[in-house]
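Please read the structure below before turning to the comments.
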Amino acid sequence: MEIRKDIELKEGTVAQTGHYRNFPMVPRVVFGTGSFDQLGDILMPKRKSADSPCIFLVDDVFEGSPLIGRIPLIFNDQIIFISADEEPKTVQVDALVERIKHDFSELPSGIIGIGGGTLLDLAKAVALMLTNKGSSSEYQGWDLVQRPSIYHVGVPTISGTGAEVSRTTVLLGPDKKLGINSDHTIFDQVVLDPDLAAGVDRKQWFYTGMDCYIHCVESLSGTYLNAFSQSYGEKAMELCKEVYLENLSPSKSREKLMMASWHGGMSIAYSQVGVAHAMSYGLSYLLGVRHGIGNCLVFQHLKEFYPEGVALFHKMKNKHQIELPTGICSSLTDSDFDAMVKVSLSMEPLWENALGKDWRKIATPKKVKAIYKLI
């Protein structure tokens, strides 16, 4: 398919005939079992002085675990443990930035995020806001960041979100859930060590992996589809099917899902996601539902938009005996539903990718509200 040339200049799109976005990619990546132990050597050339530490933002699930002893701390480096139980927030980013500036006289040599999508998004946002003035909520949108971030590294310990490769950091702000989408958001270095994903909770493994799968379904069926996004999306889809439908060894499963996450994230770099992601933002904004499970809760009801994708989703869910929560929206008021619908329908590029330029005729507030009522 040809790349659309008549759509608004936003992430994953092109604008004006012949004008294509020149997107950045992660410049350095190391992949392989045990590659986490190379982190110290990777960071050493980036260290400015003993007064310019490396700050490690680490999922607090690892507190007291052997992984902490492998973090290459020197000088006055600092580990900050952060809970990933809730979606990352702009107020959380602002507080972390204020803490780091208060504790150290110089800017850090680098910010290193170790964890799932929440920790990776926080690391990207903190690295950006250490060099840009104001609140992170002021930068929620497309290409609002003016100054490059400090050096930042992503170390995923669970696979699926694609946060390690994307140019966005999705944050829950005071009045919206929206990413800081910019060329400066991209990680300078990513460390992909499949062994770090060993021991992930089975349900979380499924929810996060389905985020990747749903990326692929939405990208591959979208109106923004082009050869670039298609090539990555098809590979990610192939890997997801292997992981969730075949009987792989744990190590092979971790390796393939980590690569699926990478390719899935790349598939939307020059494309976009769709209905499930747009509606999951509403769930997250109002109810604090985490991104992976939010996508699953919505996607199961999207047969009208993605019939083959939803059928395969149910097959994967049944194979792994995953029971999704029910009644999430059963006690909501009309004003609650209206708030979720407003947040969801504000994600215009996602709806346009899914349904075309006339998407408002299909995705009416009444229809979106009806889907929410099924959850």
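By convention in this document, the chains of the structure tokens carry letters A, B, ... by their order, each chain's residues are numbered from 1, and ligands are numbered from 1 in the order they are shown.
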Identify all residues of stretch 258-346 of chain A in alpha helix (DSSP H) (DSSP on the backbone) and supply them as a ChimeraX atom specification.
/A:258-267,275-287,291-299,307-319,334-345
List the spatial neighbours of A:Leu130 as a VMD selection string - criterion: any atom at most 8 Å away, only C-alpha atoms, same-chain residues fewer than 3 positions off excluded.
chain A and resid 97 101 107 126 to 127 133 149 to 150
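One finds atom CA of A:Val289 at 27.0 Å from atom CA of A:Val190.
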Among stretch 177-311 of chain A, which ones does DSSP assign to strand (DSSP E) (computed from the backbone)? Answer as a PyMOL selection string.
chain A and resi 177-181+189-192
Could you write those residues out with N, CA, C and O atoms, as an mmCIF file, in the first residue's frame?
data_model
loop_
_atom_site.group_PDB
_atom_site.id
_atom_site.type_symbol
_atom_site.label_atom_id
_atom_site.label_comp_id
_atom_site.auth_asym_id
_atom_site.auth_seq_id
_atom_site.Cartn_x
_atom_site.Cartn_y
_atom_site.Cartn_z
ATOM 1 N N LYS A 177 -4.708 11.652 29.314
ATOM 2 C CA LYS A 177 -3.629 10.677 29.210
ATOM 3 C C LYS A 177 -3.098 10.779 27.792
ATOM 4 O O LYS A 177 -3.810 10.503 26.834
ATOM 5 N N LEU A 178 -1.855 11.205 27.666
ATOM 6 C CA LEU A 178 -1.283 11.444 26.344
ATOM 7 C C LEU A 178 0.236 11.393 26.437
ATOM 8 O O LEU A 178 0.822 11.761 27.453
ATOM 9 N N GLY A 179 0.847 10.949 25.378
ATOM 10 C CA GLY A 179 2.293 10.815 25.364
ATOM 11 C C GLY A 179 3.018 12.121 25.105
ATOM 12 O O GLY A 179 2.483 13.050 24.503
ATOM 13 N N ILE A 180 4.253 12.186 25.590
ATOM 14 C CA ILE A 180 5.184 13.204 25.122
ATOM 15 C C ILE A 180 5.848 12.591 23.893
ATOM 16 O O ILE A 180 6.709 11.725 24.012
ATOM 17 N N ASN A 181 5.377 12.993 22.734
ATOM 18 C CA ASN A 181 5.878 12.444 21.469
ATOM 19 C C ASN A 181 6.920 13.392 20.892
ATOM 20 O O ASN A 181 6.594 14.512 20.504
ATOM 21 N N GLN A 189 20.246 4.285 24.377
ATOM 22 C CA GLN A 189 20.775 2.912 24.480
ATOM 23 C C GLN A 189 19.676 2.026 25.054
ATOM 24 O O GLN A 189 18.950 2.435 25.969
ATOM 25 N N VAL A 190 19.549 0.832 24.510
ATOM 26 C CA VAL A 190 18.637 -0.157 25.070
ATOM 27 C C VAL A 190 19.415 -1.444 25.308
ATOM 28 O O VAL A 190 20.256 -1.855 24.486
ATOM 29 N N VAL A 191 19.162 -2.081 26.446
ATOM 30 C CA VAL A 191 19.770 -3.372 26.786
ATOM 31 C C VAL A 191 18.663 -4.415 26.821
ATOM 32 O O VAL A 191 17.758 -4.333 27.656
ATOM 33 N N LEU A 192 18.708 -5.362 25.907
ATOM 34 C CA LEU A 192 17.691 -6.407 25.811
ATOM 35 C C LEU A 192 18.274 -7.731 26.304
ATOM 36 O O LEU A 192 18.974 -8.428 25.581
#
Quick one: residues within 10 Å of A:Thr168, only C-alpha atoms, excluding same-chain residues fewer than 6 positions away - as number ranges by chain?
A: 11, 121, 124-125, 140-143, 178-186, 269
